[in-house]
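Structure data (compact mmCIF, C-alpha atoms) from query.txt:
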```txt
# COMPACT_ATOMS: atom_id res chain seq x y z
CA MET H 1 249.94 135.10 184.08
CA LYS H 2 248.20 133.87 180.94
CA ILE H 3 246.02 135.97 178.65
CA GLY H 4 242.81 134.82 180.36
CA GLU H 5 243.97 136.16 183.72
CA LEU H 6 245.08 139.43 182.11
CA VAL H 7 241.63 139.85 180.57
CA LYS H 8 239.99 139.17 183.94
CA ARG H 9 242.19 141.68 185.80
CA THR H 10 241.91 144.50 183.25
CA GLY H 11 238.43 144.02 181.82
CA VAL H 12 239.85 144.43 178.31
CA PRO H 13 238.95 141.73 175.73
CA LYS H 14 241.63 139.33 174.51
CA GLU H 15 241.24 140.47 170.91
CA THR H 16 241.87 144.08 171.91
CA ILE H 17 245.02 143.18 173.87
CA HIS H 18 246.33 141.28 170.84
CA PHE H 19 245.56 144.33 168.69
CA TYR H 20 247.55 146.60 171.03
CA ILE H 21 250.50 144.21 170.80
CA ARG H 22 250.35 144.01 167.00
CA GLU H 23 250.24 147.80 166.74
CA GLY H 24 253.21 148.18 169.06
CA LEU H 25 251.18 149.83 171.82
CA LEU H 26 252.15 146.98 174.17
CA ARG H 27 255.39 145.03 174.19
CA LYS H 28 255.27 141.46 172.96
CA PRO H 29 254.96 139.02 175.89
CA ARG H 30 257.42 136.25 176.62
CA LYS H 31 256.46 133.02 174.88
CA SER H 32 256.15 130.01 177.18
CA SER H 33 255.33 127.68 174.28
CA SER H 34 254.44 127.87 170.60
CA ASN H 35 250.84 128.84 171.37
CA SER H 36 251.05 130.36 174.84
CA ALA H 37 252.54 133.50 176.36
CA GLN H 38 253.17 134.87 179.84
CA TYR H 39 252.23 138.41 180.90
CA HIS H 40 253.78 140.05 183.96
CA SER H 41 251.98 142.47 186.30
CA GLY H 42 253.31 145.47 184.37
CA TYR H 43 250.85 144.68 181.59
CA VAL H 44 247.94 145.11 183.99
CA GLU H 45 249.18 148.52 185.12
CA GLN H 46 249.86 149.72 181.57
CA ILE H 47 246.51 148.59 180.17
CA VAL H 48 244.50 150.02 183.06
CA LYS H 49 246.41 153.31 182.94
CA ASN H 50 246.47 153.87 179.19
CA PHE H 51 243.55 152.00 177.66
CA SER H 52 240.76 151.52 180.19
CA LYS H 53 239.67 155.16 180.45
CA GLN H 54 237.30 156.41 177.79
CA SER H 55 236.98 159.95 176.54
CA PRO H 56 233.48 161.54 176.45
CA ILE H 57 233.23 160.88 172.70
CA ASP H 58 234.21 157.22 173.20
CA LYS H 59 231.56 156.85 175.88
CA ALA H 60 228.92 158.41 173.63
CA ILE H 61 229.83 156.10 170.76
CA ALA H 62 229.82 153.06 173.04
CA GLN H 63 226.40 154.09 174.37
CA TYR H 64 225.11 154.49 170.82
CA GLN H 65 226.46 151.09 169.79
CA SER H 66 225.01 149.34 172.83
CA ARG H 67 221.58 150.77 172.11
CA PHE H 68 221.28 150.24 168.39
CA SER H 69 223.79 147.63 167.26
CA ARG H 70 222.49 144.48 168.94
CA PRO H 71 220.27 142.45 166.58
CA ALA H 72 218.45 140.79 169.50
CA ASP H 73 217.00 144.14 170.51
CA ARG H 74 215.22 144.33 167.17
CA LEU H 75 213.35 141.10 167.93
CA LEU H 76 211.77 142.42 171.13
CA THR H 77 208.47 144.29 171.16
CA ARG H 78 208.94 147.51 173.07
CA GLU H 79 205.97 149.70 172.39
CA VAL H 80 205.74 152.98 174.26
CA VAL H 81 202.31 154.46 174.91
CA GLY H 82 201.89 158.23 175.06
CA ARG H 83 204.08 161.17 174.08
CA ASP H 84 205.30 161.82 177.61
CA ALA H 85 206.41 158.19 177.99
CA PHE H 86 208.12 158.35 174.60
CA ARG H 87 210.01 161.51 175.51
CA GLU H 88 211.09 159.94 178.80
CA ALA H 89 212.26 156.77 177.02
CA THR H 90 214.25 158.62 174.36
CA GLY H 91 215.19 162.01 175.80
CA LEU H 92 213.76 163.70 172.71
CA GLY H 93 212.32 167.14 173.34
CA ARG H 94 208.70 168.07 172.74
CA LYS H 95 209.52 170.31 169.78
CA TRP H 96 211.61 167.75 167.90
CA LEU H 97 209.16 164.95 168.57
CA ALA H 98 206.43 167.04 166.98
CA LYS H 99 208.71 167.81 164.03
CA ALA H 100 209.70 164.16 163.56
CA GLU H 101 206.04 163.15 163.52
CA GLU H 102 205.23 165.95 161.09
CA TRP H 103 207.97 164.78 158.72
CA GLY H 104 206.88 161.15 158.99
CA VAL H 105 210.19 160.01 160.47
CA ILE H 106 208.50 158.86 163.68
CA THR H 107 205.10 157.33 162.94
CA PRO H 108 203.03 156.35 166.00
CA ASP H 109 199.74 154.49 165.76
CA LEU H 110 196.66 155.88 167.45
CA LYS H 111 195.02 153.38 169.83
CA GLY H 112 192.32 154.34 172.28
CA GLY H 113 193.12 158.00 171.85
CA GLU H 114 196.80 157.48 172.76
CA SER H 115 199.86 157.60 170.50
CA VAL H 116 201.60 154.21 170.49
CA TYR H 117 205.25 154.20 169.40
CA SER H 118 206.99 151.13 168.00
CA SER H 119 210.51 149.96 168.86
CA ASP H 120 211.67 151.52 165.58
CA ASP H 121 210.21 154.87 166.67
CA VAL H 122 212.05 154.60 169.98
CA ALA H 123 215.32 153.75 168.22
CA ILE H 124 214.97 156.76 165.90
CA GLY H 125 214.16 159.07 168.80
CA ARG H 126 217.22 157.91 170.73
CA LEU H 127 219.34 158.20 167.60
CA MET H 128 218.31 161.84 167.15
CA VAL H 129 219.32 162.58 170.74
CA ASP H 130 222.61 160.69 170.54
CA MET H 131 223.57 162.31 167.24
CA ASP H 132 222.99 165.68 168.89
CA ASN H 133 225.25 164.62 171.78
CA LEU H 134 227.91 163.47 169.32
CA GLY H 135 228.00 166.88 167.64
CA PHE H 136 225.47 166.49 164.83
CA GLY H 137 222.65 168.65 166.15
CA PRO H 138 221.26 172.18 165.69
CA LYS H 139 223.85 173.75 168.00
CA ASP H 140 226.58 172.32 165.76
CA GLY H 141 225.11 173.71 162.55
CA HIS H 142 223.32 170.54 161.47
CA ASP H 143 219.68 170.86 160.52
CA PRO H 144 217.52 167.97 161.86
CA GLU H 145 215.01 168.85 159.15
CA ASP H 146 217.25 166.88 156.79
CA LEU H 147 215.80 163.79 158.46
CA LYS H 148 212.48 164.35 156.73
CA HIS H 149 214.03 163.17 153.47
CA ILE H 150 214.37 159.69 155.01
CA ALA H 151 210.61 159.36 155.24
CA LYS H 152 210.19 160.15 151.54
CA PHE H 153 211.88 156.95 150.37
CA GLU H 154 209.54 154.77 148.36
CA VAL H 155 210.65 151.61 146.57
CA LYS H 156 208.10 152.20 143.82
CA GLU H 157 209.68 155.58 143.16
CA MET H 158 213.12 154.12 142.51
CA PRO H 159 214.48 155.03 139.09
CA ASP H 160 215.01 152.50 136.33
CA MET H 161 218.09 150.54 137.36
CA SER H 162 218.33 148.45 134.20
CA ASP H 163 221.26 150.57 133.04
CA TYR H 164 223.39 149.66 136.06
CA TYR H 165 226.33 147.46 135.12
CA PRO H 166 228.29 146.16 138.14
CA SER H 167 231.47 145.76 136.12
CA HIS H 168 231.27 149.31 134.74
CA PRO H 169 229.63 151.59 137.32
CA VAL H 170 229.13 155.25 136.45
CA ILE H 171 231.45 157.26 138.70
CA ALA H 172 230.13 160.69 139.65
CA THR H 173 232.45 163.68 139.20
CA GLY H 174 232.52 167.32 140.26
CA ASP H 175 231.33 168.49 143.67
CA VAL H 176 230.47 165.11 145.17
CA ILE H 177 230.19 163.36 148.52
CA LYS H 178 233.22 161.09 148.70
CA VAL H 179 232.95 157.75 150.45
CA ALA H 180 235.95 155.44 150.78
CA ILE H 181 235.05 151.76 150.47
CA LEU H 182 237.71 150.12 152.64
CA ALA H 183 237.83 146.44 151.78
CA PRO H 184 240.19 143.80 150.40
CA PHE H 185 240.25 144.16 146.62
CA SER H 186 243.33 141.98 146.25
CA GLY H 187 244.69 138.97 148.09
CA PHE H 188 242.87 136.01 149.59
CA ALA H 189 239.74 137.99 150.59
CA ALA H 190 239.34 139.99 147.38
CA LEU H 191 235.93 138.47 146.64
CA ASN H 192 234.52 140.24 149.71
CA GLY H 193 235.67 143.60 148.41
CA GLU H 194 234.21 143.06 144.96
CA ILE H 195 230.85 142.13 146.47
CA TYR H 196 230.88 145.30 148.58
CA TRP H 197 231.89 147.36 145.54
CA CYS H 198 229.02 145.97 143.48
CA ILE H 199 226.43 146.61 146.20
CA THR H 200 227.58 150.10 147.19
CA ASN H 201 227.77 151.29 143.61
CA TRP H 202 224.25 150.01 143.02
CA VAL H 203 223.17 152.30 145.88
CA ALA H 204 225.19 155.19 144.44
CA HIS H 205 223.59 154.63 141.03
CA ASP H 206 220.14 154.88 142.58
CA ILE H 207 220.97 157.98 144.64
CA ASN H 208 222.64 159.77 141.75
CA LYS H 209 219.81 159.05 139.31
CA ARG H 210 217.49 160.70 141.83
CA GLY H 211 219.66 163.80 141.67
CA GLY H 212 221.88 163.15 144.68
CA ILE H 213 221.62 164.11 148.34
CA VAL H 214 220.71 167.55 149.65
CA VAL H 215 223.60 169.09 151.61
CA ASP H 216 223.19 172.67 152.85
CA GLY H 217 220.46 173.26 150.29
CA LYS H 218 222.55 171.92 147.40
CA ARG H 219 222.23 168.54 145.74
CA LYS H 220 225.41 166.50 145.59
CA LYS H 221 225.99 163.16 143.95
CA VAL H 222 227.79 160.31 145.68
CA ARG H 223 231.14 158.93 144.61
CA PHE H 224 232.64 155.76 146.05
CA ILE H 225 236.40 155.28 146.01
CA LYS H 226 238.10 151.90 146.18
CA ALA H 227 240.52 151.59 149.09
CA ASP H 228 242.27 148.22 149.05
CA THR H 229 243.13 147.07 152.58
CA GLN H 230 244.44 143.71 151.29
CA GLN H 231 243.04 142.44 154.61
CA GLN H 232 246.37 143.47 156.18
CA PRO H 233 246.39 145.72 159.30
CA SER H 234 249.39 147.82 158.26
CA VAL H 235 248.06 148.31 154.74
CA ALA H 236 244.59 149.17 156.05
CA LYS H 237 245.99 151.94 158.23
CA GLN H 238 248.04 153.41 155.38
CA ILE H 239 245.21 153.35 152.85
CA ALA H 240 242.73 154.82 155.35
CA GLU H 241 245.08 157.71 156.08
CA LYS H 242 245.55 158.23 152.35
CA MET H 243 241.77 158.43 151.92
CA CYS H 244 241.59 161.10 154.64
CA LEU H 245 244.61 163.18 153.70
CA GLN H 246 244.86 162.87 149.91
CA GLU H 247 241.40 161.92 148.67
CA LYS H 248 239.78 163.99 151.44
CA VAL H 249 236.82 161.65 151.73
CA ASP H 250 233.77 162.63 153.74
CA PHE H 251 233.03 159.13 155.03
CA MET H 252 234.72 155.74 155.31
CA TRP H 253 232.83 152.45 154.96
CA GLY H 254 234.01 148.87 155.59
CA THR H 255 235.27 146.22 156.30
CA PRO H 256 235.53 142.47 157.01
CA GLY H 257 237.72 141.70 160.01
CA SER H 258 237.32 143.05 163.54
CA ASN H 259 241.05 143.72 163.81
CA ILE H 260 240.96 145.84 160.64
CA SER H 261 237.85 147.65 161.82
CA LEU H 262 239.56 148.62 165.09
CA ILE H 263 242.36 150.25 163.12
CA LEU H 264 239.94 152.11 160.86
CA GLN H 265 238.04 153.41 163.87
CA GLY H 266 241.29 154.83 165.20
CA VAL H 267 242.09 156.55 161.90
CA ALA H 268 238.56 157.94 161.64
CA LYS H 269 238.79 159.35 165.15
CA LYS H 270 242.20 160.89 164.48
CA TYR H 271 241.06 162.70 161.33
CA ARG H 272 237.49 163.34 162.53
CA LYS H 273 235.79 161.30 159.83
CA ILE H 274 232.62 159.25 160.09
CA TYR H 275 233.36 155.54 159.81
CA MET H 276 230.59 153.01 159.29
CA ASN H 277 231.41 149.44 160.22
CA CYS H 278 229.60 146.84 158.12
CA ALA H 279 231.14 143.48 158.98
CA CYS H 280 232.66 143.47 162.44
CA LEU H 281 231.85 140.64 164.83
CA LEU H 282 233.89 141.71 167.87
CA LEU H 283 231.45 142.31 170.73
CA GLN H 284 233.47 145.24 172.05
CA GLN H 285 232.73 147.12 168.84
CA THR H 286 229.15 146.03 168.29
CA THR H 287 227.92 146.44 171.87
CA GLY H 288 230.39 148.90 173.39
CA LYS H 289 231.22 146.37 176.14
```
The structure in this file should be written as structure tokens.
Amino acid sequence: MKIGELVKRTGVPKETIHFYIREGLLRKPRKSSSNSAQYHSGYVEQIVKNFSKQSPIDKAIAQYQSRFSRPADRLLTREVVGRDAFREATGLGRKWLAKAEEWGVITPDLKGGESVYSSDDVAIGRLMVDMDNLGFGPKDGHDPEDLKHIAKFEVKEMPDMSDYYPSHPVIATGDVIKVAILAPFSGFAALNGEIYWCITNWVAHDINKRGGIVVDGKRKKVRFIKADTQQQPSVAKQIAEKMCLQEKVDFMWGTPGSNISLILQGVAKKYRKIYMNCACLLLQQTTGK
């Protein structure tokens, strides 16, 4: 059978099957021509058996992605009227809804004596619930009160950024939050990496001039670390593991290329790191389907 039939019978996207083959998780198929290959029935059995089942954490992440990662959803007006309706739509408890409103994280309008919640409010409420399900809630030692700092952001309160020089960013030292910027800094796609580096360090400059981020009652500055993937899958995997094991980063951020992003997700899951995808176009990763 051809790749299209294999996709139909397994429900796994073509790009993902190609990724499994490149990584050696599936054997290379027999080539029937220079641009075509034949897959026997054993591929169906192996894919369904080994790759179709999702763990609880995978399901939670897929659910999160399907809710919040589709741009079209942001274009639709989905107001929710009333606190009870909001709690039903998001799953957020009465206590935490009251707290989120108190902190200014969720900001309903008052119309006709009823609280009216915007689509952004609904997204934030669902995010709070999903983060709790993913292990970032009160029962896991994480304080949701940290969310109130989000509401305090004001553009007019940004520090003077005239001393930020993209070519010579100030790198924070000491007890810092380490973030690996996984991107191509050499090779044919190096320009992408340099753009990311410029933008992310601008953000770090702003955060650090404000005094950093509060973690467990202590302010920590942010330090970004260059991690050159060279836009090569094998290199990306090696450098990501180096960031986790040697640099001991807290987060990983990147990268152009859906195939590279799939690899980084696997590394992040293996070493229990948070990975933020910024430039992946593969629907399986952006919608969870």
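Comparing the minimum interatomic distances between Glu5 of chain H and each of H:Ser33, H:Asn50, H:Thr229, H:Gln38, counting only C-alpha atoms, we find that H:Gln38 sits nearest.
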| query | Leaving out Ala268 of chain H and any residue of its chain fewer than 4 positions from it, which residues lie within 12 Å of it when counting all atoms listed in the file, given as a list in words? | reply |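 Selected residues are Ala180, Leu182, Lys237, Ile239, Ala240, Glu241, Lys242, Met243, Cys244, Leu245, Lys248, Val249, Asp250, Phe251, Met252, Trp253, Gly254, Ser261, Leu262, Ile263, Leu264, Arg272, Lys273, Ile274, Tyr275, Met276 and Asn277 of chain H.
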| request: In Å, rounded to a single decimal, give me how far atom CA of Cys278 of chain H is from atom CA of Pro169 of chain H. | output: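 Taking atom CA of Pro169 of chain H as the start and atom CA of Cys278 of chain H as the end point, the length is 21.3 Å.
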| In Å to one decimal, how far is atom CA of Ala123 of chain H from atom CA of Thr107 of chain H? |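 These atoms are spaced 12.0 Å apart.
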| query | What is the distance between atom CA of Gly91 of chain H and atom CA of Asp109 of chain H, in Å to one decimal? | reply |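 Atom-to-atom, atom CA of Gly91 of chain H to atom CA of Asp109 of chain H, that is 19.9 Å.
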| query | Can you tell me, as a PyMOL selection string, what residues are no more than 9 Å from Gly82 of chain H when counting all atoms listed in the file, ignoring any on the same chain fewer than 2 positions away? | reply | chain H and resi 80+84-87+114-117
| Of the candidates H:Lys139, H:Ile181, H:Met128, H:Asn201, which one gets nearest to Met161 of chain H if we count only C-alpha atoms? | H:Asn201
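For the residues H:Lys178, H:Arg27, H:Lys2, H:Arg219, ranking by smallest atom-to-atom distance to Ile47 of chain H using all atoms listed in the file places H:Arg27 first.
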| Answer as a PyMOL selection string, residues within 10 Å of (206.3, 161.2, 167.4) using only C-alpha atoms | chain H and resi 82-83+86-87+92+94-109+115-117+121-122+124-125
Could you turn the residues from that selection into a file that holds C-alpha atoms, as a PDB file, in the coordinates of the input?
```pdb
ATOM      1  CA  GLY H  82     201.890 158.230 175.060  1.00  0.00           C
ATOM      2  CA  ARG H  83     204.080 161.170 174.080  1.00  0.00           C
ATOM      3  CA  PHE H  86     208.120 158.350 174.600  1.00  0.00           C
ATOM      4  CA  ARG H  87     210.010 161.510 175.510  1.00  0.00           C
ATOM      5  CA  LEU H  92     213.760 163.700 172.710  1.00  0.00           C
ATOM      6  CA  ARG H  94     208.700 168.070 172.740  1.00  0.00           C
ATOM      7  CA  LYS H  95     209.520 170.310 169.780  1.00  0.00           C
ATOM      8  CA  TRP H  96     211.610 167.750 167.900  1.00  0.00           C
ATOM      9  CA  LEU H  97     209.160 164.950 168.570  1.00  0.00           C
ATOM     10  CA  ALA H  98     206.430 167.040 166.980  1.00  0.00           C
ATOM     11  CA  LYS H  99     208.710 167.810 164.030  1.00  0.00           C
ATOM     12  CA  ALA H 100     209.700 164.160 163.560  1.00  0.00           C
ATOM     13  CA  GLU H 101     206.040 163.150 163.520  1.00  0.00           C
ATOM     14  CA  GLU H 102     205.230 165.950 161.090  1.00  0.00           C
ATOM     15  CA  TRP H 103     207.970 164.780 158.720  1.00  0.00           C
ATOM     16  CA  GLY H 104     206.880 161.150 158.990  1.00  0.00           C
ATOM     17  CA  VAL H 105     210.190 160.010 160.470  1.00  0.00           C
ATOM     18  CA  ILE H 106     208.500 158.860 163.680  1.00  0.00           C
ATOM     19  CA  THR H 107     205.100 157.330 162.940  1.00  0.00           C
ATOM     20  CA  PRO H 108     203.030 156.350 166.000  1.00  0.00           C
ATOM     21  CA  ASP H 109     199.740 154.490 165.760  1.00  0.00           C
ATOM     22  CA  SER H 115     199.860 157.600 170.500  1.00  0.00           C
ATOM     23  CA  VAL H 116     201.600 154.210 170.490  1.00  0.00           C
ATOM     24  CA  TYR H 117     205.250 154.200 169.400  1.00  0.00           C
ATOM     25  CA  ASP H 121     210.210 154.870 166.670  1.00  0.00           C
ATOM     26  CA  VAL H 122     212.050 154.600 169.980  1.00  0.00           C
ATOM     27  CA  ILE H 124     214.970 156.760 165.900  1.00  0.00           C
ATOM     28  CA  GLY H 125     214.160 159.070 168.800  1.00  0.00           C
TER      29      GLY H 125
END
```
